[in-house]
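Novice: Following this line is final-v4.txt, made up of compact mmCIF, C-alpha atoms and all ligand atoms:
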# COMPACT_ATOMS: atom_id res chain seq x y z
CA MET J 1 -21.03 27.82 23.23
CA GLU J 2 -20.65 26.04 19.88
CA MET J 3 -17.85 23.46 19.45
CA TRP J 4 -16.44 22.67 16.00
CA PHE J 5 -13.86 20.12 14.82
CA THR J 6 -11.69 20.88 11.79
CA GLU J 7 -9.52 18.40 9.91
CA LYS J 8 -6.90 20.29 7.95
CA GLN J 9 -6.96 18.17 4.81
CA THR J 10 -4.23 20.16 3.05
CA GLU J 11 -2.32 23.32 3.97
CA ASN J 12 -5.15 25.33 2.44
CA VAL J 13 -8.40 23.42 2.89
CA GLY J 14 -10.24 21.60 5.67
CA ILE J 15 -13.53 20.01 6.69
CA THR J 16 -15.34 21.45 9.72
CA CYS J 17 -18.11 19.74 11.69
CA LYS J 18 -20.18 21.02 14.60
CA THR J 19 -19.69 18.68 17.55
CA GLU J 20 -21.83 17.77 20.56
CA LYS J 21 -19.01 16.33 22.62
CA THR J 22 -15.74 14.46 22.56
CA LEU J 23 -16.44 10.94 23.81
CA TYR J 24 -12.85 9.69 24.00
CA MET J 25 -9.29 10.90 23.51
CA GLU J 26 -6.00 9.11 24.04
CA THR J 27 -2.52 9.09 22.62
CA THR J 28 -1.19 5.58 22.02
CA GLN J 29 2.26 4.42 20.97
CA TYR J 30 1.11 4.85 17.34
CA GLN J 31 -1.31 7.78 17.14
CA GLU J 32 -3.71 10.18 18.78
CA ILE J 33 -7.21 8.67 18.88
CA ALA J 34 -10.36 10.77 19.21
CA LEU J 35 -14.00 9.77 19.12
CA ILE J 36 -16.25 12.76 18.49
CA GLN J 37 -20.04 13.06 18.45
CA THR J 38 -20.87 15.29 15.46
CA LEU J 39 -24.29 16.62 14.50
CA GLN J 40 -24.02 15.96 10.76
CA PHE J 41 -22.23 12.61 10.56
CA GLY J 42 -22.92 10.96 13.93
CA ARG J 43 -19.94 9.52 15.75
CA MET J 44 -16.60 10.12 14.07
CA LEU J 45 -13.31 8.24 14.58
CA VAL J 46 -10.33 10.58 14.17
CA LEU J 47 -6.69 9.45 14.14
CA ASP J 48 -3.95 12.08 14.31
CA GLY J 49 -6.54 14.72 13.41
CA THR J 50 -7.67 12.82 10.29
CA VAL J 51 -11.24 11.53 9.86
CA GLN J 52 -11.17 7.72 9.52
CA THR J 53 -14.82 6.86 9.53
CA THR J 54 -18.19 8.25 10.57
CA GLU J 55 -21.43 6.49 11.43
CA ASN J 56 -23.31 8.18 8.59
CA ASP J 57 -21.02 7.75 5.58
CA GLU J 58 -18.85 4.75 6.53
CA PHE J 59 -20.93 2.35 4.43
CA ILE J 60 -19.56 3.80 1.19
CA TYR J 61 -15.89 3.18 1.96
CA HIS J 62 -16.46 -0.20 3.64
CA GLU J 63 -18.70 -1.58 0.91
CA MET J 64 -16.40 -0.39 -1.87
CA ILE J 65 -13.16 -1.67 -0.34
CA THR J 66 -14.81 -5.06 0.26
CA HIS J 67 -17.43 -6.00 -2.31
CA VAL J 68 -15.53 -4.97 -5.43
CA PRO J 69 -12.67 -7.44 -4.70
CA LEU J 70 -14.87 -10.12 -3.10
CA PHE J 71 -17.19 -10.19 -6.10
CA THR J 72 -14.21 -10.16 -8.48
CA HIS J 73 -12.90 -13.41 -6.95
CA PRO J 74 -15.30 -16.24 -7.86
CA PHE J 75 -14.98 -18.07 -4.52
CA PRO J 76 -13.23 -16.00 -1.83
CA LYS J 77 -12.64 -18.16 1.23
CA ASN J 78 -9.68 -16.81 3.16
CA ILE J 79 -9.46 -13.02 3.53
CA LEU J 80 -6.88 -10.76 5.17
CA VAL J 81 -7.50 -7.17 6.25
CA VAL J 82 -4.45 -5.05 7.07
CA GLY J 83 -5.46 -2.12 9.30
CA GLY J 84 -9.22 -1.64 9.46
CA GLY J 85 -9.40 -1.79 13.26
CA ASP J 86 -12.83 -0.13 13.23
CA GLY J 87 -14.21 -3.43 11.87
CA GLY J 88 -16.26 -1.98 8.99
CA ALA J 89 -14.53 -3.98 6.26
CA VAL J 90 -14.84 -7.19 8.26
CA ARG J 91 -18.58 -6.53 8.73
CA GLU J 92 -18.95 -6.45 4.93
CA ILE J 93 -16.66 -9.48 4.36
CA VAL J 94 -18.75 -11.83 6.50
CA LYS J 95 -21.81 -11.04 4.35
CA HIS J 96 -20.22 -13.31 1.69
CA PRO J 97 -21.25 -16.91 2.39
CA SER J 98 -18.14 -18.33 0.65
CA VAL J 99 -15.89 -16.71 3.26
CA GLN J 100 -14.58 -19.22 5.77
CA LYS J 101 -12.16 -16.97 7.60
CA ALA J 102 -11.32 -13.25 7.83
CA THR J 103 -8.09 -12.28 9.59
CA LEU J 104 -7.79 -8.65 10.71
CA VAL J 105 -4.27 -7.42 11.48
CA GLU J 106 -4.39 -4.01 13.16
CA ILE J 107 -1.26 -2.46 14.66
CA ASP J 108 -3.05 -0.42 17.33
CA GLY J 109 -5.23 -2.46 19.72
CA LYS J 110 -6.77 0.74 21.10
CA VAL J 111 -8.47 1.47 17.75
CA ILE J 112 -10.23 -1.90 18.02
CA GLU J 113 -11.20 -1.29 21.65
CA VAL J 114 -12.52 2.22 21.01
CA SER J 115 -14.50 1.05 17.97
CA LYS J 116 -16.05 -1.79 19.96
CA ASN J 117 -17.01 0.63 22.75
CA PHE J 118 -18.26 3.58 20.69
CA LEU J 119 -19.02 2.39 17.15
CA PRO J 120 -21.17 -0.75 17.58
CA THR J 121 -22.80 -0.54 14.14
CA ILE J 122 -19.36 -0.55 12.49
CA SER J 123 -17.47 -2.96 14.75
CA CYS J 124 -20.33 -5.48 15.15
CA ALA J 125 -18.64 -8.36 13.27
CA LEU J 126 -15.33 -8.26 15.17
CA GLU J 127 -16.68 -11.00 17.47
CA ASN J 128 -18.01 -13.12 14.57
CA PRO J 129 -16.66 -16.71 14.81
CA LYS J 130 -15.24 -16.46 11.27
CA VAL J 131 -13.12 -13.45 12.29
CA GLU J 132 -9.67 -13.59 13.88
CA VAL J 133 -8.35 -10.29 15.24
CA LEU J 134 -4.57 -9.88 15.65
CA VAL J 135 -2.83 -6.84 17.08
CA GLU J 136 0.44 -6.60 15.18
CA ASP J 137 2.20 -4.85 12.30
CA GLY J 138 0.51 -5.84 9.03
CA ILE J 139 3.80 -5.51 7.12
CA GLN J 140 5.52 -8.17 9.25
CA TYR J 141 2.41 -10.38 9.17
CA VAL J 142 2.18 -10.33 5.38
CA LYS J 143 5.89 -11.16 5.04
CA LYS J 144 5.46 -14.23 7.27
CA HIS J 145 2.39 -15.72 5.50
CA LYS J 146 2.95 -16.96 1.96
CA ASN J 147 0.48 -18.42 -0.55
CA LYS J 148 -2.36 -18.19 1.93
CA PHE J 149 -5.08 -15.65 1.06
CA ASP J 150 -7.67 -15.36 -1.72
CA VAL J 151 -8.21 -11.64 -1.12
CA ILE J 152 -6.24 -9.05 0.87
CA LEU J 153 -7.64 -5.60 1.76
CA ILE J 154 -5.29 -2.78 2.78
CA ASP J 155 -7.60 -0.66 4.93
CA SER J 156 -4.91 1.73 6.12
CA THR J 157 -4.50 5.23 7.42
CA ASP J 158 -2.80 7.84 5.22
CA PRO J 159 0.88 7.11 4.43
CA ILE J 160 2.19 8.56 7.69
CA GLY J 161 3.86 6.80 10.66
CA ALA J 162 3.19 3.04 10.85
CA ALA J 163 1.29 3.14 7.54
CA VAL J 164 4.17 4.47 5.37
CA GLY J 165 5.38 0.95 4.53
CA LEU J 166 1.86 -0.08 3.45
CA PHE J 167 2.30 2.08 0.33
CA SER J 168 5.69 0.65 -0.75
CA LYS J 169 6.72 -1.55 -3.67
CA GLU J 170 8.33 -4.03 -1.25
CA PHE J 171 5.02 -4.41 0.55
CA TYR J 172 3.14 -5.03 -2.71
CA LYS J 173 5.68 -7.76 -3.55
CA ALA J 174 5.05 -9.34 -0.15
CA ILE J 175 1.29 -9.10 -0.79
CA TYR J 176 1.78 -10.92 -4.11
CA GLU J 177 3.55 -13.76 -2.31
CA SER J 178 0.98 -13.86 0.46
CA LEU J 179 -1.84 -14.38 -2.06
CA LYS J 180 -2.74 -17.74 -3.56
CA GLU J 181 -2.03 -18.26 -7.27
CA ASP J 182 -5.36 -16.68 -8.26
CA GLY J 183 -5.49 -14.11 -5.46
CA LEU J 184 -6.12 -10.38 -5.63
CA PHE J 185 -5.84 -7.35 -3.39
CA VAL J 186 -7.24 -3.86 -2.99
CA ALA J 187 -5.66 -0.89 -1.22
CA GLN J 188 -7.27 2.40 -0.34
CA THR J 189 -5.21 4.91 -2.34
CA GLU J 190 -6.39 8.36 -1.26
CA SER J 191 -7.82 11.32 -3.19
CA PRO J 192 -7.25 11.90 -6.93
CA PHE J 193 -7.43 15.64 -6.25
CA PHE J 194 -4.98 15.88 -3.37
CA ASN J 195 -2.74 12.80 -3.75
CA LYS J 196 -1.95 12.70 -7.47
CA GLU J 197 1.70 11.69 -7.13
CA LEU J 198 0.93 8.95 -4.63
CA ILE J 199 -1.79 7.49 -6.88
CA SER J 200 0.54 7.49 -9.92
CA LYS J 201 3.39 5.87 -8.00
CA VAL J 202 1.27 3.22 -6.30
CA TYR J 203 -0.40 2.31 -9.60
CA GLN J 204 2.93 1.90 -11.42
CA ASP J 205 4.42 -0.09 -8.52
CA ILE J 206 1.46 -2.48 -8.47
CA LYS J 207 1.39 -2.75 -12.27
CA ILE J 208 4.96 -4.04 -12.34
CA ILE J 209 4.01 -6.87 -9.97
CA PHE J 210 0.41 -7.81 -10.87
CA PRO J 211 -0.81 -8.76 -14.39
CA ILE J 212 -4.15 -6.99 -13.79
CA THR J 213 -4.04 -3.55 -12.15
CA LYS J 214 -7.10 -1.32 -12.00
CA LEU J 215 -8.14 1.80 -10.12
CA TYR J 216 -11.71 2.56 -9.11
CA LEU J 217 -13.48 5.47 -7.46
CA CYS J 218 -16.28 6.38 -5.13
CA ALA J 219 -17.70 9.48 -3.43
CA ILE J 220 -17.16 9.84 0.34
CA PRO J 221 -18.38 13.11 1.90
CA THR J 222 -15.97 13.23 4.87
CA TYR J 223 -12.77 12.25 3.04
CA PRO J 224 -10.51 14.89 1.49
CA SER J 225 -12.12 16.26 -1.71
CA GLY J 226 -15.05 13.85 -1.27
CA PHE J 227 -13.62 11.72 -4.07
CA TRP J 228 -11.70 8.54 -3.17
CA SER J 229 -9.64 5.93 -4.98
CA PHE J 230 -8.88 2.24 -4.49
CA THR J 231 -6.28 0.29 -6.47
CA MET J 232 -6.65 -3.41 -7.23
CA GLY J 233 -3.84 -5.81 -8.13
CA SER J 234 -5.00 -9.20 -9.35
CA LYS J 235 -3.15 -12.34 -10.47
CA LYS J 236 -5.97 -13.80 -12.55
CA TYR J 237 -9.44 -12.30 -12.21
CA ASP J 238 -10.45 -9.10 -13.98
CA PRO J 239 -12.98 -7.01 -12.00
CA LEU J 240 -14.67 -6.03 -15.28
CA LYS J 241 -15.15 -9.63 -16.44
CA ILE J 242 -17.17 -11.00 -13.57
CA ASP J 243 -20.06 -13.37 -14.16
CA GLU J 244 -23.04 -11.35 -12.96
CA ASN J 245 -25.25 -14.44 -12.93
CA LYS J 246 -23.11 -15.90 -10.17
CA MET J 247 -23.38 -12.79 -7.99
CA ILE J 248 -25.41 -13.41 -4.87
CA ASN J 249 -27.62 -10.71 -3.37
CA ILE J 250 -26.24 -9.09 -0.27
CA ASP J 251 -27.58 -6.19 1.73
CA THR J 252 -25.79 -2.96 0.72
CA LYS J 253 -26.46 0.77 0.63
CA TYR J 254 -23.90 1.94 -1.98
CA TYR J 255 -22.53 -1.07 -3.85
CA THR J 256 -24.61 -2.45 -6.73
CA ARG J 257 -23.77 -4.50 -9.83
CA GLU J 258 -23.89 -1.28 -11.87
CA ILE J 259 -21.60 0.55 -9.44
CA HIS J 260 -19.15 -2.39 -9.59
CA LYS J 261 -18.59 -1.62 -13.26
CA SER J 262 -19.10 2.14 -13.34
CA ALA J 263 -16.61 2.72 -10.50
CA PHE J 264 -13.86 1.75 -12.99
CA SER J 265 -14.94 4.42 -15.52
CA LEU J 266 -12.42 7.13 -14.81
CA PRO J 267 -12.49 10.86 -15.52
CA LYS J 268 -9.79 11.94 -17.97
CA PHE J 269 -7.60 13.61 -15.34
CA VAL J 270 -7.58 10.41 -13.27
CA LYS J 271 -6.80 8.25 -16.33
CA ASP J 272 -3.88 10.57 -17.02
CA LEU J 273 -2.46 9.85 -13.57
CA LEU J 274 -2.14 6.17 -14.52
CA LYS J 275 -0.13 6.62 -17.76
N1 LIG J 301 -11.13 4.01 6.51
C1 LIG J 301 -9.96 4.62 6.95
C2 LIG J 301 -9.41 5.72 6.12
O1 LIG J 301 -9.05 5.50 4.96
O2 LIG J 301 -9.35 6.86 6.62
C3 LIG J 301 -8.93 3.67 7.48
C4 LIG J 301 -9.52 2.94 8.64
S1 LIG J 301 -8.59 2.06 9.75
C5 LIG J 301 -9.02 2.89 11.23
C6 LIG J 301 -6.88 2.36 9.50
C7 LIG J 301 -6.03 1.59 10.50
O3 LIG J 301 -4.78 1.21 9.93
C8 LIG J 301 -5.69 2.36 11.78
O4 LIG J 301 -6.45 1.87 12.85
C9 LIG J 301 -4.19 2.13 11.98
O5 LIG J 301 -3.83 1.87 13.32
C10 LIG J 301 -3.95 0.93 11.05
N2 LIG J 301 -2.56 0.75 10.62
C11 LIG J 301 -1.68 1.72 10.23
N3 LIG J 301 -0.49 1.16 9.93
C12 LIG J 301 -0.63 -0.19 10.11
C13 LIG J 301 0.25 -1.30 9.97
N4 LIG J 301 1.51 -1.15 9.57
N5 LIG J 301 -0.24 -2.55 10.25
C14 LIG J 301 -1.52 -2.72 10.65
N6 LIG J 301 -2.39 -1.70 10.82
C15 LIG J 301 -1.95 -0.45 10.55
Give the structure from this file in structure tokens form.
Ligand code: SAM

Specialist:
Amino acid sequence: MEMWFTEKQTENVGITCKTEKTLYMETTQYQEIALIQTLQFGRMLVLDGTVQTTENDEFIYHEMITHVPLFTHPFPKNILVVGGGDGGAVREIVKHPSVQKATLVEIDGKVIEVSKNFLPTISCALENPKVEVLVEDGIQYVKKHKNKFDVILIDSTDPIGAAVGLFSKEFYKAIYESLKEDGLFVAQTESPFFNKELISKVYQDIKIIFPITKLYLCAIPTYPSGFWSFTMGSKKYDPLKIDENKMINIDTKYYTREIHKSAFSLPKFVKDLLK
């Protein structure tokens, strides 16, 4: 008998993967967690029926949410990740030698536990001595810590449940205050095909608060529409004015110096969303 998993990405479209087995399933206080062995993408972490990350294509999302902001800041030392319990962003952060500390604030401790147990290639840096892992609400954490971080990454689920507040203007104001005077942040901001209104709203909200606001894109096979956006708010540094000579070489599979720039070249329909 063949077993297939389908994520209903919208009311009318989904992604379907043939599965070998379900390795783990549990409903926590926050969400339903599933870890599925798929034939095409390897192990897949699914929260509330939504694909979060897979062994085979996770590098794209994790490199792009991390290296674009960390190479935009000339000397990122103190980094905060909100969400990101799978550990993929933290794995990329510790590749930067300037980083002294990465704090990961994930609301659901089970996501961290499941990732450590079933996704070792993604979660491998969660035990790194530079990494502090806290299980608490990222919104409350950000409000409590002012003028502290060089770079903040919002590696969140879709704006549902505990993640709704991570897409609000109030939260972006708190992020601004939590950053140092030359700090910057990046949030994952969903699909330009399926989340047009969200992208427009988030961009305008961030633009009111941060002097430099820019959206960039990448291609992720397992995310809705395969086309994904990130939005950066920066107090001082422009991601398109980085000094390439100062960029160190790190081991990546998607991110390159060329991609750093080209990711900000937007198709017309995406540009129109930002007007
Ligand atoms: N790469 C993923 C994606 O875009 O599909 C996101 C990965 S990560 C697993 C998202 C995490 O954000 C989840 O583990 C979820 O528990 C966490 N999260 C949601 N709301 C949160 C909040 N308010 N504070 C901290 N973590 C939160």

Novice: Output the neighbourhood of ligand LIG 301 (chain J) as an MDAnalysis selection string, that is, all protein and nucleic acid residues with some atom at most 7 Å from the ligand, counting only C-alpha atoms and all ligand atoms.

Specialist: chainID J and resid 51:53 61 82:86 105:108 111 136:139 155:158 162:163 165:166 188

Novice: Can you write out the residues you just picked, keeping C-alpha atoms, as an mmCIF file, in the frame of the given file?

Specialist:
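Listing of out-v9.cif after writing:
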data_model
loop_
_atom_site.group_PDB
_atom_site.id
_atom_site.type_symbol
_atom_site.label_atom_id
_atom_site.label_comp_id
_atom_site.auth_asym_id
_atom_site.auth_seq_id
_atom_site.Cartn_x
_atom_site.Cartn_y
_atom_site.Cartn_z
ATOM 1 C CA VAL J 51 -11.240 11.530 9.860
ATOM 2 C CA GLN J 52 -11.170 7.720 9.520
ATOM 3 C CA THR J 53 -14.820 6.860 9.530
ATOM 4 C CA TYR J 61 -15.890 3.180 1.960
ATOM 5 C CA VAL J 82 -4.450 -5.050 7.070
ATOM 6 C CA GLY J 83 -5.460 -2.120 9.300
ATOM 7 C CA GLY J 84 -9.220 -1.640 9.460
ATOM 8 C CA GLY J 85 -9.400 -1.790 13.260
ATOM 9 C CA ASP J 86 -12.830 -0.130 13.230
ATOM 10 C CA VAL J 105 -4.270 -7.420 11.480
ATOM 11 C CA GLU J 106 -4.390 -4.010 13.160
ATOM 12 C CA ILE J 107 -1.260 -2.460 14.660
ATOM 13 C CA ASP J 108 -3.050 -0.420 17.330
ATOM 14 C CA VAL J 111 -8.470 1.470 17.750
ATOM 15 C CA GLU J 136 0.440 -6.600 15.180
ATOM 16 C CA ASP J 137 2.200 -4.850 12.300
ATOM 17 C CA GLY J 138 0.510 -5.840 9.030
ATOM 18 C CA ILE J 139 3.800 -5.510 7.120
ATOM 19 C CA ASP J 155 -7.600 -0.660 4.930
ATOM 20 C CA SER J 156 -4.910 1.730 6.120
ATOM 21 C CA THR J 157 -4.500 5.230 7.420
ATOM 22 C CA ASP J 158 -2.800 7.840 5.220
ATOM 23 C CA ALA J 162 3.190 3.040 10.850
ATOM 24 C CA ALA J 163 1.290 3.140 7.540
ATOM 25 C CA GLY J 165 5.380 0.950 4.530
ATOM 26 C CA LEU J 166 1.860 -0.080 3.450
ATOM 27 C CA GLN J 188 -7.270 2.400 -0.340
#

Novice: Write out as number ranges by chain which residues come within 12 Å of stretch 116-120 of chain J when counting all atoms listed in the file, dropping same-chain ones fewer than 2 positions away.

Specialist: J: 22-25, 34-37, 42-45, 53-56, 58, 85-88, 91, 109-114, 122-127

Novice: Work out how far apart atom CA of J:Lys253 and atom CA of J:Ile60 are and give it in Å to one decimal.

Specialist: 7.6 Å

Novice: Counting only C-alpha atoms, what is within 9 Å of J:Leu179, bar same-chain residues fewer than 4 positions away, as a VMD selection string?

Specialist: chain J and resid 145 to 152 174 to 175 183 to 185 235

Novice: For J:Ile248, list every protein, DNA or RNA residue within 12 Å, evaluated using all atoms listed in the file, and leave out those in the same chain fewer than 2 positions away; present the list as a compact mmCIF listing (two decimals) with C-alpha atoms, keeping the file's coordinate frame.

Specialist:
# COMPACT_ATOMS: atom_id res chain seq x y z
CA HIS J 67 -17.43 -6.00 -2.31
CA LEU J 70 -14.87 -10.12 -3.10
CA PHE J 71 -17.19 -10.19 -6.10
CA PRO J 74 -15.30 -16.24 -7.86
CA PHE J 75 -14.98 -18.07 -4.52
CA LYS J 95 -21.81 -11.04 4.35
CA HIS J 96 -20.22 -13.31 1.69
CA PRO J 97 -21.25 -16.91 2.39
CA SER J 98 -18.14 -18.33 0.65
CA ASP J 243 -20.06 -13.37 -14.16
CA GLU J 244 -23.04 -11.35 -12.96
CA ASN J 245 -25.25 -14.44 -12.93
CA LYS J 246 -23.11 -15.90 -10.17
CA ILE J 250 -26.24 -9.09 -0.27
CA ASP J 251 -27.58 -6.19 1.73
CA THR J 252 -25.79 -2.96 0.72
CA THR J 256 -24.61 -2.45 -6.73
CA ARG J 257 -23.77 -4.50 -9.83

Novice: Give the answer as one residue: which of J:Thr189, J:Thr231, J:Thr27, J:Asn195 has the shortest atom-to-atom distance to J:Lys207, using all atoms listed in the file?

Specialist: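 The answer is J:Thr231, which sits nearest to J:Lys207.
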
Novice: I want to know what sits within 12 Å of J:Thr10, based on all atoms listed in the file, with residues of the same chain fewer than 6 positions away left out; could you give that as a ChimeraX atom specification?

Specialist: /J:49-50,191,193-195,223-225

Novice: Using C-alpha atoms, can you write the selected residues to a file as a PDB file, keeping the file's coordinate frame?

Specialist:
ATOM      1  CA  GLY J  49      -6.540  14.720  13.410  1.00  0.00           C
ATOM      2  CA  THR J  50      -7.670  12.820  10.290  1.00  0.00           C
ATOM      3  CA  SER J 191      -7.820  11.320  -3.190  1.00  0.00           C
ATOM      4  CA  PHE J 193      -7.430  15.640  -6.250  1.00  0.00           C
ATOM      5  CA  PHE J 194      -4.980  15.880  -3.370  1.00  0.00           C
ATOM      6  CA  ASN J 195      -2.740  12.800  -3.750  1.00  0.00           C
ATOM      7  CA  TYR J 223     -12.770  12.250   3.040  1.00  0.00           C
ATOM      8  CA  PRO J 224     -10.510  14.890   1.490  1.00  0.00           C
ATOM      9  CA  SER J 225     -12.120  16.260  -1.710  1.00  0.00           C
TER      10      SER J 225
END

Novice: Tell me which protein, DNA and RNA residues are within 6 Å of stretch 216-221 of chain J, counting all atoms listed in the file, leaving out same-chain ones fewer than 3 positions away, and put them as a list of chain:residue names.

Specialist: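 Near stretch 216-221 of chain J, the qualifying residues are J:Gly226, J:Phe227, J:Trp228, J:Ser229, J:Phe230, J:Ala263, J:Phe264.
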
Novice: What does the distance between atom CA of J:Glu26 and atom CA of J:Ser115 come to in Å, to one decimal place?

Specialist: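 We find that atom CA of J:Glu26 and atom CA of J:Ser115 lie 13.2 Å from each other.
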
Novice: Could you please determine the separation between atom CA of J:Ser200 and atom CA of J:Lys275 in Å, to one decimal place?

Specialist: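 About the pair atom CA of J:Ser200 and atom CA of J:Lys275: they are 7.9 Å apart.
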
Novice: May I ask which of the residues J:Val68, J:Ile15, J:Pro192, J:Leu39 is the closest one to J:Pro267, counting all atoms listed in the file?

Specialist: J:Pro192
